[in-house]
Structures are given as structure tokens and as C-alpha cells.
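Single-structure report; data block below.
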There are 2 protein chains.
Amino acid sequence: MNNIFFTVGPTELFPEVKHLFLEAIKEKLFSISHRSKEFENINSYTNTELRKLLCIPEEFHIFYLSSATECMERIIQNLVEKRSFHFINGYFAGRFYSIAKQLKKKPYQKKANLKDGFKFDKIKIPENTELICFTQNETSTGMVVEMENIYKVKNNYPDKLITVDVVTSVPYINIDFNKIDCAFFSVQKGFGMPPGLGVMIIKKDCIEKTRLLKEKKYNIGSFNNFITLAENADKFQTAVTPNIPGIYLLGKVCKLLNDKGIDRIREETDEKANMIYEYFSKHKYIRPFISSIQNRSNTTLVFDVAFNSNIIVDKMKRKGFVISRGYRDFKESQIRIANFPMHKITDVKKLLGAFNNL
Amino acid sequence: MNNIFFTVGPTELFPEVKHLFLEAIKEKLFSISHRSKEFENINSYTNTELRKLLCIPEEFHIFYLSSATECMERIIQNLVEKRSFHFINGYFAGRFYSIAKQLKKKPYQKKANLKDGFKFDKIKIPENTELICFTQNETSTGMVVEMENIYKVKNNYPDKLITVDVVTSVPYINIDFNKIDCAFFSVQKGFGMPPGLGVMIIKKDCIEKTRLLKEKKYNIGSFNNFITLAENADKFQTAVTPNIPGIYLLGKVCKLLNDKGIDRIREETDEKANMIYEYFSKHKYIRPFISSIQNRSNTTLVFDVAFNSNIIVDKMKRKGFVISRGYRDFKESQIRIANFPMHKITDVKKLLGAFNNL
């Protein structure tokens, strides 16, 4: 029996990935130079399909990096002189904050009450903050920050840059790029691909800040500094040999999603999420972790378990369903279930059926 | 007609890559968590096969990064307080030097006379140098530095760390790891794989230098600093979600090469290189670029062309053979031909046959 992965990433691949990869090997696309016209065509194709899928305006660059964590590092290096501000709703938001400290910046942080979310009315962001960092969908806790609240913060602090980690919410989350400055993700989550590629979508204006930091002799990194990345992105090139299979597959997966229609994907995601939350709202010993419904993730759903949650994870695996354990401190008290576009409604029903007979 | 890639990388894939990738997708290896036991098993397998192939002692860590260029950046960040020394025999050696400058260090450099190599007897390395950087096989110029000369430098300067870029010479080059401190490469060259993975082999002792830099409050980077990388490598884990397909395929390709036998691979590489050099030594208008035979690469062979070399590259492509143009300044005056383990002797003969009838 082949397991179905409902893990929060790496996760189930789109079934088409196998065929697409074979086709690319046959066409020898992974042997071409990253300085060739053929690579520029692949990059341009991916660019077009991704822009269409996520409604990315022309005023934004698309950069390819190796992981979402590298995106965090490069953002701090290239957009912050001294002060970033981090909304902490879980482990990965905390990682972003730690990276700022490791890179010798002086970041601020505001921790959420995980059950209820942030009290935005009461949070004051210090005047000298340069960059505000959100983790829109926290993979570790399943707590989301609503995009409307992020837009409000931008509206209240228009002189500050806003970056949004959407690692486990794209392509489901609808982002109005006119109201933020930067977003980033990796492909082994909602895009159903093998891991090894990070993607950053960044307003072209932001590079002015990088130029300023460079003039002031700050260390903005080497090959993946934003000035070099922008120069290359403009020509559909990359600074160094990138993960060409990743860039190629991302374009093809975006095409699949565009053909299906992003609205339908979002509706189906809502439908599946409702089904799962509805099921566990009546469960005897498995209950949603986040109390406030508007802060609950529809893509990475986190549940408290009344006893050691490893028992659930192991039993489900024996039934052919791989789900994630809780993260770090919650390892033995929670389970996490992913709900991404490649997860079929019929498989979600089977998953819940398996929970019936534990 | 399917082209054969004799480019210096990305290049021809091992034909087995297609089947290996399919097999892995079938087994859902690209859906597993990088924190799982299954990933540790993949990592451990690759580790074992790579150590066997390149005779890597236990005293060395194996780190997975995203590219050879990232290896350069992390080496400078983690092993240099102020002074690195760079032997410059081409563009990529120059990139290593530039990265040191971009990261606010004060590197020294010594440029080679490309025709004849370095005059090691006459080169004095300043006392305050911490790290000496070699590009053993320069992909841009086809100039090699003999390992014996690198060992002599280590012998003369035992207190300084030695790092060796072997991007386009592994697995052909025989490295005595007891006489160096660090080596690195990427997989889209001699390992015949798709691009997107950098590999660093580093003496465990080196991490003491990183600890010292950290104590002195230097910026050693964030998620890919050597302390974090070492802690994870010890457990066959990685700091962030890595290119799992890359790590998986590397192990399987090393197994293929181990089964064939590294000695035989090296002999065949010599045989094919001799065949190519022999052929062009008598050519009317294509001649080896590097005059001194001991400095000529057997894996990335570079030739001067008496007229615009694009004509040769284009004509060869029409005959089904993709070769590399010259690099940067040499773009229109040179050609570069790769000779890696996946290049068959019969195909090299066909390649040279095609040069006969240009």
C-alpha cells in the first residue's frame, strides 16, 4: 500500500511531477547552461505562470534562492541596517527573529497569545523599525495572521517595509501585493514539489534600501545580495547555477494550477478545511489547538491530542496516512494535518474515515 | 537527434538518473520530512558512498549546501577573521576572492600566468594569512594546480587552513584529505546530476576556528554557520529542508561509480583526455590554451580558436554535440570541452569525428 502524505511539507507531490521530470530529462533540460537562452526561456515561462497565479505586479522581482530560511537571511542582510520587528506566532517566526540577531542586528519581537492571536490595536511598533516581519501561516502552530491585519499595519506605518512569510499558505492565500513589500515561500508545501527551492517576490523599490546599506559599507552578503539578484532577474538569469529542475517544475505546476483556476483551488481548500475542522470539533480527544476561528489555518491544521499524539501518528501511518507530529515543544501533544491543492477531497474523506476507526 | 552535452556543467546526466528519480518518486522519498528517520537513512547512505568514493576520513564532516558559490561564502564567513589568500588561475578563483571582499575581509591574491601556472618557489604567503584558497581545476581557463603543489604549500604553512575548490575535478582528482582542511564541489559537473546541490568536505577541527570567530562576535551567518551544520551533520540531519532529491541521487551516483571502481574511472578519464589533446595538438586552427602540460586540465579542456569560436560551437551543435563557449573575456576566442565520468569513450570518438568534418 502506498501512503498518502498529509504532512505539512515536504508532502504529497502533484502526481504530474513524475511525468514532467521525465519529459524534462528526455529534452535534456537539466544539462543546459544557466547562461543559455534555453534557461532564460524556462525562467521566463515560470515567471509568467507564477505572476498569473499569484497576481504579482510588474513592480515586483522574482528571486530564486535555496530555501525559505535563506530568504529570511537575505532579507535581513539586504533590508535592515539595525532594526527589524517580528510578530512571533510560532517557531518559524522565531527563527526569522533569531536570524536577525545572528546577523548582528537589533530586532524587536512581539509574541502572540497562540490561542487568540495578536491584539493589533494594542501593539505599537517603535519609530526606528525599518522592516516588519510577519509569518502569515505558522507551520509550527497553525496560527494565521489575516492579510487584512497585515495591510492595516502597512497603512499605519507606510514608511516601514513589510515582509510576509507565506511558506505554507501559497497558493491558497490571496495576497494584494500593492499592500506589502516582500513575500517568500518554498515549493515543497502548497506547490507539491520536491524540496530544494525558495522563492522571493520583492518590490523593485526595496533594492534602493540595499543600495543605501551598501553605500554605508554594511555587509549585504555576496552572490545572493539583492542588487546582483535584481540585475540577473531582469534578464531571466541567476547569479549562480540554480536548482534548474526546481525552477522548471515550478513553472509547470503553476500552469496546472492556472488551468484549474485559482478560485476553484481556494474554494476546494476551504471546503476540505471545513470538513476537517467540523469532524474534529466533535471528536472525543482530538480538538483544534487555536481557539479563535479567524486565526486558524486552512492549510496547516493543528490539533491538541488528549494523550501522547505519537500513538495517533503511528496508527494513521499503519492505515496508509502520514500526518505530521506536533512541532518541538508540542511534539507529543499535537498532530498537524496539511490541506494543500494536491490533496484530493476524496482522500480527505478517506483520511477522516481512518480517524473513525483508530 | 538527441544532443550529447560535452559542456563543462551543467552537462550530460548519467543515464541512470532518470530511473533513480522515478524509483524515488514511486517510493515517495521526496515527500518525507527532513527530520525523519527515512531522511537520516538517505543521508547516511550518501555519506557512506561518498566517503568510500573519495576516501574521506572520519575526521571530516560532509555538509550539504545549495551551490559551490555558497560554499565559498560560508567558508569565508566561518573560517576567516580578516585575511584569506587566493591563488587566482581564472574567473572562479577570482569570485572566491571577491566574496571575501564583499564580506568585508581583507583578502590577498596572487594571479597566475595562465600559460605556465604558478611559480610556487617564488610565492610568499604573508604571516597573518588565516586561510589559503586554491581552485584546483579552473572551469573558466582549464588551468589546474597539481595536488602535490597544494600539499607542499600546506607543508610550508602548517598553521594556515587550506581549502580547495574541486568543482570540476571530482571524482577524477585523487585528494589526500590528510593534507588539506576543506574541499568543495557541486553535483552538475563530474557527478552527472541536475544542478542545485553544493557539497563541502571539511576537517572537524576547523569548527574550532568558527567557535573562536563567534566568541569574538564576528558574523558567521545564520542557519548555515559551521557550528549548526556540524551539529546536524553528526546526526545525518540538515539545519533546514535541503535538496532531498539531490542528496538522494548523489548517494546513488556514488554507488554506481564505486561499483565501476574509481581507478578505472580515472584511467578512462586520462585515456579520453589524451585522445582529445592528441587530436588538437595537430589541428590547423584549434590548439590547447594552457602551454605547460602539467597545468592542463583533463576534465575541462580549453582550446584557443584562430577565428570566432562561436562558429565552431554552432556547427558542432548542428552535428549533435553541445560544447561550451570560452568564459567571459574568452567567449569568442575559445571553446571548452568537458571530460567527465559519464562521457563514454565511443562518444568522445564521435565528437572528434565531428570536428574532422567541420
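Residues in the C-alpha cells are named by chain (A, B, ... in the order shown) and by number from 1 within that chain; ligands are numbered from 1 in the order shown.
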
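Of all the residues in range 166-311 of chain B, the ones DSSP labels as strand (DSSP E or B) from the backbone are B:Cys182, B:Ala183, B:Phe184, B:Phe185, B:Ser186, B:Gly198, B:Val199, B:Met200, B:Ile201, B:Ile202, B:Lys203, B:Ile286, B:Arg287, B:Pro288, B:Arg296, B:Thr300, B:Leu301, B:Val302, B:Phe303, B:Asp304, B:Val305.
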
Using only C-alpha atoms, find each residue of chain B with at least one atom at most 6 Å away from an atom of chain A; report its shortest atom-to-atom pair and that distance in Å (one decimal), sort the rows by chain and rising residue number, and return the result as a tab-separated table.
residue	atom	partner	partner_atom	distance
B:Pro10	CA	A:Ser31	CA	4.9
B:Thr11	CA	A:Ser31	CA	4.4
B:Glu12	CA	A:Ser31	CA	5.5
B:Phe30	CA	A:Pro194	CA	5.2
B:Ser31	CA	A:Thr11	CA	4.4
B:Ile32	CA	A:Pro10	CA	5.9
B:Ser33	CA	A:Pro10	CA	5.6
B:Ile99	CA	A:Ser222	CA	5.5
B:Gln102	CA	A:Ser222	CA	5.6
B:Leu103	CA	A:Asn219	CA	5.8
B:Pro194	CA	A:Phe30	CA	5.2
B:Pro195	CA	A:Asn243	CA	5.3
B:Gly196	CA	A:Asn243	CA	3.9
B:Asn219	CA	A:Leu103	CA	5.8
B:Ser222	CA	A:Ile99	CA	5.5
B:Pro242	CA	A:Gly196	CA	5.5
B:Asn243	CA	A:Gly196	CA	3.9

Contacts of range 253-258 of chain A at 12 Å (only C-alpha atoms; same-chain gap of 2+ positions) as an mmCIF file with N, CA, C and O atoms, in the first residue's frame:
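Heads up, here's the output in around.cif:
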data_model
loop_
_atom_site.group_PDB
_atom_site.id
_atom_site.type_symbol
_atom_site.label_atom_id
_atom_site.label_comp_id
_atom_site.auth_asym_id
_atom_site.auth_seq_id
_atom_site.Cartn_x
_atom_site.Cartn_y
_atom_site.Cartn_z
ATOM 1 N N LEU A 13 3.438 14.866 -3.489
ATOM 2 C CA LEU A 13 3.746 15.598 -4.721
ATOM 3 C C LEU A 13 2.504 15.630 -5.614
ATOM 4 O O LEU A 13 1.661 14.740 -5.535
ATOM 5 N N PHE A 14 2.422 16.661 -6.471
ATOM 6 C CA PHE A 14 1.435 16.588 -7.542
ATOM 7 C C PHE A 14 1.764 15.361 -8.383
ATOM 8 O O PHE A 14 2.933 15.156 -8.733
ATOM 9 N N PRO A 15 0.785 14.526 -8.722
ATOM 10 C CA PRO A 15 1.095 13.309 -9.492
ATOM 11 C C PRO A 15 1.781 13.626 -10.817
ATOM 12 O O PRO A 15 2.551 12.813 -11.339
ATOM 13 N N GLU A 16 1.551 14.816 -11.356
ATOM 14 C CA GLU A 16 2.138 15.195 -12.645
ATOM 15 C C GLU A 16 3.652 15.397 -12.577
ATOM 16 O O GLU A 16 4.332 15.425 -13.615
ATOM 17 N N VAL A 17 4.219 15.564 -11.356
ATOM 18 C CA VAL A 17 5.648 15.868 -11.226
ATOM 19 C C VAL A 17 6.502 14.779 -11.882
ATOM 20 O O VAL A 17 7.487 15.067 -12.551
ATOM 21 N N LYS A 18 6.096 13.533 -11.715
ATOM 22 C CA LYS A 18 6.868 12.416 -12.265
ATOM 23 C C LYS A 18 6.996 12.552 -13.783
ATOM 24 O O LYS A 18 8.101 12.526 -14.329
ATOM 25 N N HIS A 19 5.878 12.737 -14.444
ATOM 26 C CA HIS A 19 5.864 12.840 -15.898
ATOM 27 C C HIS A 19 6.635 14.077 -16.377
ATOM 28 O O HIS A 19 7.398 14.023 -17.348
ATOM 29 N N LEU A 20 6.429 15.196 -15.670
ATOM 30 C CA LEU A 20 7.104 16.443 -16.050
ATOM 31 C C LEU A 20 8.616 16.295 -15.954
ATOM 32 O O LEU A 20 9.362 16.772 -16.816
ATOM 33 N N PHE A 21 9.073 15.622 -14.895
ATOM 34 C CA PHE A 21 10.508 15.436 -14.704
ATOM 35 C C PHE A 21 11.082 14.551 -15.813
ATOM 36 O O PHE A 21 12.123 14.856 -16.398
ATOM 37 N N TYR A 45 9.169 31.465 -18.556
ATOM 38 C CA TYR A 45 7.904 30.709 -18.504
ATOM 39 C C TYR A 45 7.406 30.617 -17.058
ATOM 40 O O TYR A 45 6.235 30.909 -16.757
ATOM 41 N N THR A 46 8.304 30.221 -16.143
ATOM 42 C CA THR A 46 7.939 30.090 -14.727
ATOM 43 C C THR A 46 7.478 31.435 -14.171
ATOM 44 O O THR A 46 6.477 31.523 -13.453
ATOM 45 N N ASN A 47 8.228 32.474 -14.537
ATOM 46 C CA ASN A 47 7.907 33.832 -14.135
ATOM 47 C C ASN A 47 6.477 34.207 -14.542
ATOM 48 O O ASN A 47 5.678 34.675 -13.721
ATOM 49 N N THR A 48 6.143 33.961 -15.800
ATOM 50 C CA THR A 48 4.829 34.315 -16.331
ATOM 51 C C THR A 48 3.719 33.551 -15.607
ATOM 52 O O THR A 48 2.713 34.142 -15.185
ATOM 53 N N GLU A 49 3.902 32.244 -15.450
ATOM 54 C CA GLU A 49 2.857 31.424 -14.830
ATOM 55 C C GLU A 49 2.685 31.769 -13.353
ATOM 56 O O GLU A 49 1.566 31.802 -12.846
ATOM 57 N N LEU A 50 3.809 32.023 -12.652
ATOM 58 C CA LEU A 50 3.729 32.368 -11.229
ATOM 59 C C LEU A 50 3.072 33.737 -11.039
ATOM 60 O O LEU A 50 2.233 33.914 -10.139
ATOM 61 N N ARG A 51 3.439 34.694 -11.897
ATOM 62 C CA ARG A 51 2.821 36.031 -11.817
ATOM 63 C C ARG A 51 1.315 35.942 -12.040
ATOM 64 O O ARG A 51 0.529 36.600 -11.358
ATOM 65 N N LYS A 52 0.920 35.096 -13.007
ATOM 66 C CA LYS A 52 -0.504 34.937 -13.305
ATOM 67 C C LYS A 52 -1.227 34.308 -12.103
ATOM 68 O O LYS A 52 -2.267 34.800 -11.663
ATOM 69 N N LEU A 53 -0.631 33.258 -11.551
ATOM 70 C CA LEU A 53 -1.270 32.517 -10.457
ATOM 71 C C LEU A 53 -1.477 33.383 -9.223
ATOM 72 O O LEU A 53 -2.533 33.362 -8.599
ATOM 73 N N LEU A 54 -0.424 34.142 -8.848
ATOM 74 C CA LEU A 54 -0.479 34.900 -7.592
ATOM 75 C C LEU A 54 -0.758 36.392 -7.807
ATOM 76 O O LEU A 54 -0.672 37.174 -6.859
ATOM 77 N N CYS A 55 -1.079 36.793 -9.059
ATOM 78 C CA CYS A 55 -1.330 38.218 -9.362
ATOM 79 C C CYS A 55 -0.170 39.099 -8.906
ATOM 80 O O CYS A 55 -0.373 40.051 -8.116
ATOM 81 N N VAL A 170 0.734 29.856 0.420
ATOM 82 C CA VAL A 170 0.581 29.953 -1.046
ATOM 83 C C VAL A 170 0.340 28.571 -1.610
ATOM 84 O O VAL A 170 0.833 27.593 -1.044
ATOM 85 N N PRO A 171 -0.376 28.434 -2.717
ATOM 86 C CA PRO A 171 -1.061 29.486 -3.479
ATOM 87 C C PRO A 171 -2.467 29.798 -2.943
ATOM 88 O O PRO A 171 -3.157 30.618 -3.520
ATOM 89 N N TYR A 172 -2.844 29.157 -1.820
ATOM 90 C CA TYR A 172 -4.200 29.354 -1.290
ATOM 91 C C TYR A 172 -4.449 30.805 -0.900
ATOM 92 O O TYR A 172 -5.498 31.378 -1.219
ATOM 93 N N VAL A 187 8.889 25.430 -2.129
ATOM 94 C CA VAL A 187 7.994 24.738 -3.071
ATOM 95 C C VAL A 187 7.498 23.379 -2.593
ATOM 96 O O VAL A 187 6.638 22.777 -3.237
ATOM 97 N N GLN A 188 8.046 22.881 -1.462
ATOM 98 C CA GLN A 188 7.688 21.518 -1.019
ATOM 99 C C GLN A 188 6.445 21.517 -0.130
ATOM 100 O O GLN A 188 6.220 20.577 0.625
ATOM 101 N N GLY A 190 2.646 23.902 -0.534
ATOM 102 C CA GLY A 190 1.440 24.024 -1.352
ATOM 103 C C GLY A 190 1.643 23.802 -2.838
ATOM 104 O O GLY A 190 0.670 23.692 -3.582
ATOM 105 N N PHE A 191 2.894 23.770 -3.300
ATOM 106 C CA PHE A 191 3.138 23.537 -4.725
ATOM 107 C C PHE A 191 3.426 22.061 -5.035
ATOM 108 O O PHE A 191 3.662 21.706 -6.188
ATOM 109 N N GLY A 192 3.432 21.232 -3.989
ATOM 110 C CA GLY A 192 3.521 19.784 -4.199
ATOM 111 C C GLY A 192 4.732 19.341 -4.992
ATOM 112 O O GLY A 192 4.641 18.456 -5.844
ATOM 113 N N MET A 193 5.882 19.935 -4.708
ATOM 114 C CA MET A 193 7.116 19.594 -5.421
ATOM 115 C C MET A 193 8.164 19.036 -4.459
ATOM 116 O O MET A 193 8.060 19.209 -3.259
ATOM 117 N N PRO A 194 9.214 18.397 -4.989
ATOM 118 C CA PRO A 194 10.331 18.012 -4.115
ATOM 119 C C PRO A 194 11.001 19.262 -3.538
ATOM 120 O O PRO A 194 10.971 20.321 -4.174
ATOM 121 N N PRO A 245 15.961 22.069 -12.116
ATOM 122 C CA PRO A 245 14.747 21.248 -12.071
ATOM 123 C C PRO A 245 13.634 21.912 -11.260
ATOM 124 O O PRO A 245 12.472 21.864 -11.657
ATOM 125 N N GLY A 246 13.999 22.541 -10.155
ATOM 126 C CA GLY A 246 13.010 23.214 -9.311
ATOM 127 C C GLY A 246 12.320 24.355 -10.040
ATOM 128 O O GLY A 246 11.092 24.472 -10.016
ATOM 129 N N ILE A 247 13.104 25.193 -10.717
ATOM 130 C CA ILE A 247 12.526 26.346 -11.427
ATOM 131 C C ILE A 247 11.627 25.854 -12.567
ATOM 132 O O ILE A 247 10.537 26.377 -12.796
ATOM 133 N N TYR A 248 12.095 24.816 -13.262
ATOM 134 C CA TYR A 248 11.312 24.244 -14.362
ATOM 135 C C TYR A 248 9.984 23.679 -13.850
ATOM 136 O O TYR A 248 8.903 23.993 -14.368
ATOM 137 N N LEU A 249 10.060 22.842 -12.802
ATOM 138 C CA LEU A 249 8.843 22.204 -12.278
ATOM 139 C C LEU A 249 7.864 23.231 -11.724
ATOM 140 O O LEU A 249 6.650 23.097 -11.891
ATOM 141 N N LEU A 250 8.390 24.280 -11.075
ATOM 142 C CA LEU A 250 7.504 25.302 -10.509
ATOM 143 C C LEU A 250 6.647 25.932 -11.610
ATOM 144 O O LEU A 250 5.439 26.126 -11.428
ATOM 145 N N GLY A 251 7.272 26.228 -12.750
ATOM 146 C CA GLY A 251 6.516 26.817 -13.866
ATOM 147 C C GLY A 251 5.415 25.890 -14.340
ATOM 148 O O GLY A 251 4.271 26.310 -14.574
ATOM 149 N N LYS A 260 -6.513 24.923 -13.857
ATOM 150 C CA LYS A 260 -7.633 24.538 -12.994
ATOM 151 C C LYS A 260 -8.387 25.780 -12.514
ATOM 152 O O LYS A 260 -9.604 25.748 -12.375
ATOM 153 N N GLY A 261 -7.650 26.855 -12.280
ATOM 154 C CA GLY A 261 -8.269 28.101 -11.804
ATOM 155 C C GLY A 261 -8.043 28.284 -10.319
ATOM 156 O O GLY A 261 -8.421 27.429 -9.521
ATOM 157 N N ILE A 262 -7.429 29.421 -9.965
ATOM 158 C CA ILE A 262 -7.054 29.648 -8.568
ATOM 159 C C ILE A 262 -8.295 29.775 -7.679
ATOM 160 O O ILE A 262 -8.278 29.341 -6.515
ATOM 161 N N ASP A 263 -9.389 30.319 -8.227
ATOM 162 C CA ASP A 263 -10.603 30.471 -7.407
ATOM 163 C C ASP A 263 -11.126 29.105 -6.971
ATOM 164 O O ASP A 263 -11.483 28.907 -5.810
ATOM 165 N N ARG A 264 -11.126 28.170 -7.920
ATOM 166 C CA ARG A 264 -11.611 26.831 -7.604
ATOM 167 C C ARG A 264 -10.693 26.162 -6.568
ATOM 168 O O ARG A 264 -11.173 25.486 -5.647
ATOM 169 N N ILE A 265 -9.373 26.369 -6.717
ATOM 170 C CA ILE A 265 -8.421 25.792 -5.759
ATOM 171 C C ILE A 265 -8.703 26.331 -4.356
ATOM 172 O O ILE A 265 -8.709 25.591 -3.373
ATOM 173 N N ARG A 266 -8.958 27.635 -4.278
ATOM 174 C CA ARG A 266 -9.229 28.246 -2.969
ATOM 175 C C ARG A 266 -10.548 27.743 -2.377
ATOM 176 O O ARG A 266 -10.628 27.465 -1.178
ATOM 177 N N PHE A 340 -3.363 20.946 1.219
ATOM 178 C CA PHE A 340 -2.792 21.687 0.092
ATOM 179 C C PHE A 340 -3.533 21.338 -1.200
ATOM 180 O O PHE A 340 -4.308 20.363 -1.230
ATOM 181 N N PRO A 341 -3.276 22.087 -2.274
ATOM 182 C CA PRO A 341 -4.035 21.854 -3.519
ATOM 183 C C PRO A 341 -3.933 20.435 -4.088
ATOM 184 O O PRO A 341 -4.845 19.991 -4.770
ATOM 185 N N MET A 342 -2.850 19.724 -3.808
ATOM 186 C CA MET A 342 -2.760 18.363 -4.384
ATOM 187 C C MET A 342 -3.552 17.341 -3.554
ATOM 188 O O MET A 342 -3.711 16.197 -3.988
#

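We find CA of Asn298 in chain B and CA of Asn137 in chain B to be spaced 9.1 Å apart.
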
Exercise. From the DSSP assignment of the backbone, select every residue of range 44-179 of chain A that is helix (DSSP H, G or I), and format the answer as a PyMOL selection string.
Key: chain A and resi 44-54+68-79+91-102+120-122+147-156+177-179

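Atom pair CA of Val164 in chain A / CA of Thr210 in chain A has a distance of 18.1 Å (rounded to one decimal).
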
Quiz prompt | Which residue of B:Arg74, B:Lys124, B:Lys111, B:Lys252 approaches Asn156 in chain B most closely, using only C-alpha atoms | solution = B:Lys124

Contacts of Phe330 in chain A within 10 Å, only C-alpha atoms, excl. fewer than 3 positions in-chain, as a compact mmCIF listing (two decimals) with N, CA and C atoms, in the first residue's frame:
# COMPACT_ATOMS: atom_id res chain seq x y z
N SER A 140 4.30 25.73 12.46
CA SER A 140 4.52 25.02 13.73
C SER A 140 3.26 25.01 14.60
N THR A 141 2.48 26.10 14.57
CA THR A 141 1.33 26.22 15.47
C THR A 141 -0.01 26.22 14.75
N ASP A 304 -4.76 19.59 19.26
CA ASP A 304 -4.32 19.03 20.54
C ASP A 304 -4.86 17.61 20.68
N VAL A 305 -4.04 16.73 21.25
CA VAL A 305 -4.48 15.36 21.49
C VAL A 305 -4.44 15.13 23.01
N SER A 309 0.46 11.98 21.37
CA SER A 309 -0.02 12.06 19.99
C SER A 309 0.74 11.13 19.04
N ARG A 325 3.75 15.16 13.21
CA ARG A 325 3.70 15.30 14.66
C ARG A 325 3.59 16.78 15.02
N GLY A 326 3.37 17.10 16.27
CA GLY A 326 3.46 18.47 16.72
C GLY A 326 4.90 18.96 16.61
N TYR A 327 5.10 20.28 16.64
CA TYR A 327 6.43 20.82 16.44
C TYR A 327 7.12 21.11 17.78
N SER A 333 2.14 16.19 22.04
CA SER A 333 0.79 16.56 22.49
C SER A 333 -0.09 17.01 21.33
N GLN A 334 0.49 17.13 20.12
CA GLN A 334 -0.32 17.63 18.99
C GLN A 334 -0.11 16.77 17.75
N ILE A 335 -1.03 16.93 16.80
CA ILE A 335 -0.83 16.43 15.43
C ILE A 335 -1.07 17.61 14.48

Exercise. Could you jot down the CA of Lys315 in chain A to CA of Phe236 in chain B separation for me, Å, one decimal place?
Key: 26.3 Å

Quiz prompt | Selection: 10 Å around His283 in chain B, only C-alpha atoms, excl. self and same-chain fewer than 6 positions, as an MDAnalysis selection string | solution = chainID B and resid 277 355:356
